[in-house]
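Structure record follows, encoded as structure tokens.
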Amino acid sequence: MTNHKFPQTIAIAGAGLLGRLLAWQLQRAGINITLFEAGSFTPDAPQSLRAAAFTAAGMVAPLSEAVVSDEGVYRMGIFALQQWPTWIAQLPANETPLFFNNGSLVVAHQQDTSELDQFERELGFILPGCKGYQHVNQHEIHQLEPDLHSNFHSGIFLREEGHVNNREFLRLIGVELLKLGTTIREFTSVEALPGKIVTDSSEEHFDLVIDCRGLGAKKQLRNLRGVRGETLHVETKEIHLRRPVRLMHPRYQLYVVPKPNNRFIIGATQIESEDRTPVTLQSSLELSSALYTLSPAFAEARIIEMDTNLRPAFMDNLPKVTIVDGLITANGLFRHGYLLAPAVVENVLAHIFKKTDPVFSALLNHH
């Protein structure tokens, strides 16, 4: 990186998923990166003020999310399925797998099969001609996931889906950033402006500032809002799942995502509230009871964590990359963090390195 038409010093505000990925890729390219984080760079306690990426289940589910969004989200999600293995290959070898590409399974109890039918109809409407999924019967469900309850008679297997071991990935990226010599400024709230970062005590100038603070940018992005999500973490050796499983229900769509070391993350809630207080009793009861109906073996699972966070979202629930001289703002991943981050990161990098026709520009860019 000796060509001075590219920025030589870049400040990144926000050390969540976007901030870490961008800092990592730019530092590897030889650019001097300073990464600012309002909280701890290595948060480990639930309910601390940490990025939504630490609370997320890490699903890369382009088909499932297309049903509640659009075809553009699907295309960016398919890109993510290709990009995640590429990024992970750039990291040192790790004992624990970081990416799983085993698809996902959608099921419903017999009384709720209309929800499953509706899901399939909407999938066909958004993605006509898509061959990435198939209807499965009771026997096929058992072949895919033998430990699920035997009373699921029909489901949909989504081959084009995967999931990331997200907390371990975020930790390893943090280690890599320190190895590469990135300047980390944790516990530092900032205002991100063109060409400069303003803290409580100083004003620092850079060739470029990238603002990806999530909800931390709300004062500057008036149309940004927080959407509450709640997760339950359990641990058990009594059940094994190879892939995420979604349970269709008239009131909620619960998902269970397997993690290494016999852990599972369960989530379903999407609440239009900016409340970050602990998980409610109602949510914990619904998550637990729905989990039990997936498999009675979950009855002996140990609850090891309950977590809440706020996903940053614009009114259309789609991300935006806004570019002005000296400042790039990337925000609004909503609940699609690990699904859409690769498209957003590659789009931002393309602008920095002045590539023609940045990836997904028509979907993401707002000049």
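Each chain in the structure tokens gets a letter, A, B and so on, in the order shown; residues start at 1 in every chain, and ligands are counted from 1 in the order they appear.
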If we count only C-alpha atoms and set the cut-off at 12 Å, which residues sit around A:Lys131, ignoring sequence neighbours fewer than 2 positions away in its own chain? Please answer as a count of residues only.
13
All residues 7 Å or closer to A:Ala53, only C-alpha atoms, same chain fewer than 4 positions away omitted, as a compact mmCIF listing (two decimals) with C-alpha atoms, in the first residue's frame:
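Below you can see part26.txt, which holds the result:
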```txt
# COMPACT_ATOMS: atom_id res chain seq x y z
CA GLY A 16 -18.70 -4.86 16.27
CA LEU A 17 -18.88 -7.20 13.30
CA GLY A 337 -25.65 -9.24 10.63
```
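Between A:Ala290 and the residues A:Leu49, A:Leu247, A:Met315, A:Ile239, the shortest atom-to-atom distance, using only C-alpha atoms, involves A:Leu247.
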Which residues come within 12 Å of A:His163, counting only C-alpha atoms, excluding same-chain residues fewer than 6 positions away, as an MDAnalysis selection string?
chainID A and resid 56:62 77 80:81 84:85 97:104 169 242:245 256:260 265 336:339
Written file, previous selection with N, CA, C and O atoms, as a short mmCIF file (atom, residue, chain, number, x, y, z; two decimals), in the first residue's frame:
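As a result, result05.cif now contains:
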```cif
data_model
loop_
_atom_site.label_atom_id
_atom_site.label_comp_id
_atom_site.auth_asym_id
_atom_site.auth_seq_id
_atom_site.Cartn_x
_atom_site.Cartn_y
_atom_site.Cartn_z
N ALA A 56 -25.85 -12.31 18.72
CA ALA A 56 -26.47 -13.00 17.58
C ALA A 56 -26.17 -14.49 17.58
O ALA A 56 -25.19 -14.95 18.17
N ALA A 57 -27.01 -15.24 16.85
CA ALA A 57 -26.80 -16.68 16.71
C ALA A 57 -25.84 -17.00 15.56
O ALA A 57 -25.38 -18.13 15.45
N GLY A 58 -25.56 -16.03 14.70
CA GLY A 58 -24.58 -16.23 13.63
C GLY A 58 -25.10 -16.97 12.42
O GLY A 58 -24.32 -17.55 11.67
N MET A 59 -26.40 -16.94 12.19
CA MET A 59 -26.96 -17.66 11.03
C MET A 59 -26.67 -16.92 9.72
O MET A 59 -26.71 -15.69 9.67
N VAL A 60 -26.38 -17.69 8.69
CA VAL A 60 -26.25 -17.16 7.33
C VAL A 60 -27.35 -17.85 6.53
O VAL A 60 -27.16 -18.92 5.96
N ALA A 61 -28.54 -17.23 6.54
CA ALA A 61 -29.76 -17.90 6.10
C ALA A 61 -30.45 -17.09 5.01
O ALA A 61 -31.48 -16.45 5.24
N PRO A 62 -29.91 -17.10 3.77
CA PRO A 62 -30.48 -16.26 2.71
C PRO A 62 -31.90 -16.62 2.33
O PRO A 62 -32.71 -15.75 2.01
N GLY A 77 -26.99 -12.68 0.58
CA GLY A 77 -26.78 -13.84 1.44
C GLY A 77 -26.03 -14.95 0.75
O GLY A 77 -25.17 -15.61 1.35
N ALA A 80 -22.55 -14.10 0.85
CA ALA A 80 -21.99 -14.36 2.18
C ALA A 80 -21.56 -15.80 2.34
O ALA A 80 -20.52 -16.10 2.95
N LEU A 81 -22.35 -16.73 1.81
CA LEU A 81 -22.00 -18.15 1.91
C LEU A 81 -20.68 -18.46 1.22
O LEU A 81 -19.96 -19.38 1.61
N TRP A 84 -17.67 -16.16 3.60
CA TRP A 84 -17.26 -16.58 4.94
C TRP A 84 -16.13 -17.61 4.92
O TRP A 84 -15.13 -17.45 5.65
N PRO A 85 -16.19 -18.67 4.11
CA PRO A 85 -15.06 -19.61 4.06
C PRO A 85 -13.76 -18.95 3.60
O PRO A 85 -12.67 -19.31 4.06
N PRO A 97 -14.22 -25.48 14.72
CA PRO A 97 -14.70 -24.98 13.42
C PRO A 97 -15.38 -23.62 13.58
O PRO A 97 -16.03 -23.34 14.59
N LEU A 98 -15.23 -22.78 12.56
CA LEU A 98 -15.79 -21.43 12.60
C LEU A 98 -16.99 -21.25 11.68
O LEU A 98 -17.77 -20.33 11.86
N PHE A 99 -17.11 -22.12 10.66
CA PHE A 99 -18.22 -21.97 9.72
C PHE A 99 -18.78 -23.35 9.38
O PHE A 99 -18.04 -24.30 9.17
N PHE A 100 -20.10 -23.42 9.36
CA PHE A 100 -20.80 -24.68 9.06
C PHE A 100 -21.74 -24.42 7.88
O PHE A 100 -22.51 -23.47 7.91
N ASN A 101 -21.69 -25.29 6.89
CA ASN A 101 -22.52 -25.11 5.70
C ASN A 101 -23.36 -26.36 5.48
O ASN A 101 -23.29 -27.01 4.44
N ASN A 102 -24.19 -26.68 6.48
CA ASN A 102 -25.01 -27.90 6.45
C ASN A 102 -26.47 -27.62 6.13
O ASN A 102 -27.31 -28.52 6.28
N GLY A 103 -26.78 -26.40 5.71
CA GLY A 103 -28.17 -26.05 5.46
C GLY A 103 -28.92 -25.80 6.76
O GLY A 103 -28.32 -25.73 7.84
N SER A 104 -30.23 -25.64 6.66
CA SER A 104 -31.08 -25.51 7.85
C SER A 104 -32.40 -26.21 7.59
O SER A 104 -32.75 -26.52 6.45
N PHE A 169 -15.28 -16.49 16.35
CA PHE A 169 -14.77 -15.72 15.22
C PHE A 169 -14.41 -14.30 15.64
O PHE A 169 -13.34 -13.78 15.31
N ARG A 242 -27.12 -30.99 13.64
CA ARG A 242 -26.07 -30.68 12.66
C ARG A 242 -26.26 -29.30 12.04
O ARG A 242 -25.34 -28.77 11.43
N ARG A 243 -27.44 -28.74 12.21
CA ARG A 243 -27.77 -27.50 11.51
C ARG A 243 -28.82 -26.72 12.31
O ARG A 243 -29.48 -27.29 13.19
N PRO A 244 -29.00 -25.43 12.02
CA PRO A 244 -30.08 -24.68 12.66
C PRO A 244 -31.45 -25.27 12.32
O PRO A 244 -31.68 -25.74 11.20
N VAL A 245 -32.33 -25.25 13.30
CA VAL A 245 -33.71 -25.72 13.12
C VAL A 245 -34.65 -24.58 13.49
O VAL A 245 -34.51 -23.96 14.55
N VAL A 256 -33.20 -22.63 16.68
CA VAL A 256 -32.19 -23.25 17.54
C VAL A 256 -30.95 -23.43 16.69
O VAL A 256 -31.00 -24.05 15.62
N VAL A 257 -29.83 -22.88 17.15
CA VAL A 257 -28.58 -22.96 16.40
C VAL A 257 -27.56 -23.73 17.23
O VAL A 257 -27.23 -23.32 18.35
N PRO A 258 -27.05 -24.86 16.72
CA PRO A 258 -26.04 -25.62 17.46
C PRO A 258 -24.70 -24.91 17.44
O PRO A 258 -24.30 -24.34 16.41
N LYS A 259 -24.01 -24.94 18.57
CA LYS A 259 -22.67 -24.38 18.70
C LYS A 259 -21.74 -25.47 19.21
O LYS A 259 -22.19 -26.47 19.78
N PRO A 260 -20.44 -25.30 19.06
CA PRO A 260 -19.51 -26.30 19.59
C PRO A 260 -19.67 -26.48 21.11
O PRO A 260 -20.25 -25.64 21.79
N ILE A 265 -27.99 -22.02 20.92
CA ILE A 265 -28.58 -20.68 21.09
C ILE A 265 -30.00 -20.73 20.56
O ILE A 265 -30.25 -21.19 19.44
N HIS A 336 -29.81 -9.20 10.26
CA HIS A 336 -29.11 -9.90 9.19
C HIS A 336 -27.60 -9.76 9.28
O HIS A 336 -26.91 -9.79 8.26
N GLY A 337 -27.06 -9.58 10.50
CA GLY A 337 -25.65 -9.24 10.63
C GLY A 337 -24.70 -10.14 9.86
O GLY A 337 -23.96 -9.67 9.00
N TYR A 338 -24.70 -11.42 10.16
CA TYR A 338 -23.74 -12.34 9.55
C TYR A 338 -24.14 -12.69 8.11
O TYR A 338 -23.31 -13.15 7.34
N LEU A 339 -25.38 -12.43 7.76
CA LEU A 339 -25.86 -12.66 6.41
C LEU A 339 -25.40 -11.55 5.45
O LEU A 339 -24.99 -11.82 4.32
#
```
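Here atom CA of A:Gly30 is placed at a distance of 21.7 Å from atom CA of A:Ala341.
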Could you pull out the residues in stretch 52-174 of chain A that DSSP calls alpha helix (DSSP H) from the backbone, as a count of residues only?
58
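Atom CA of A:Glu191 lies 9.1 Å from atom CA of A:Lys219.
Candidate residues A:Arg311, A:Arg28, A:His249, A:Arg75 were compared for distance to A:Leu215, and the nearest is A:Arg311, using only C-alpha atoms.
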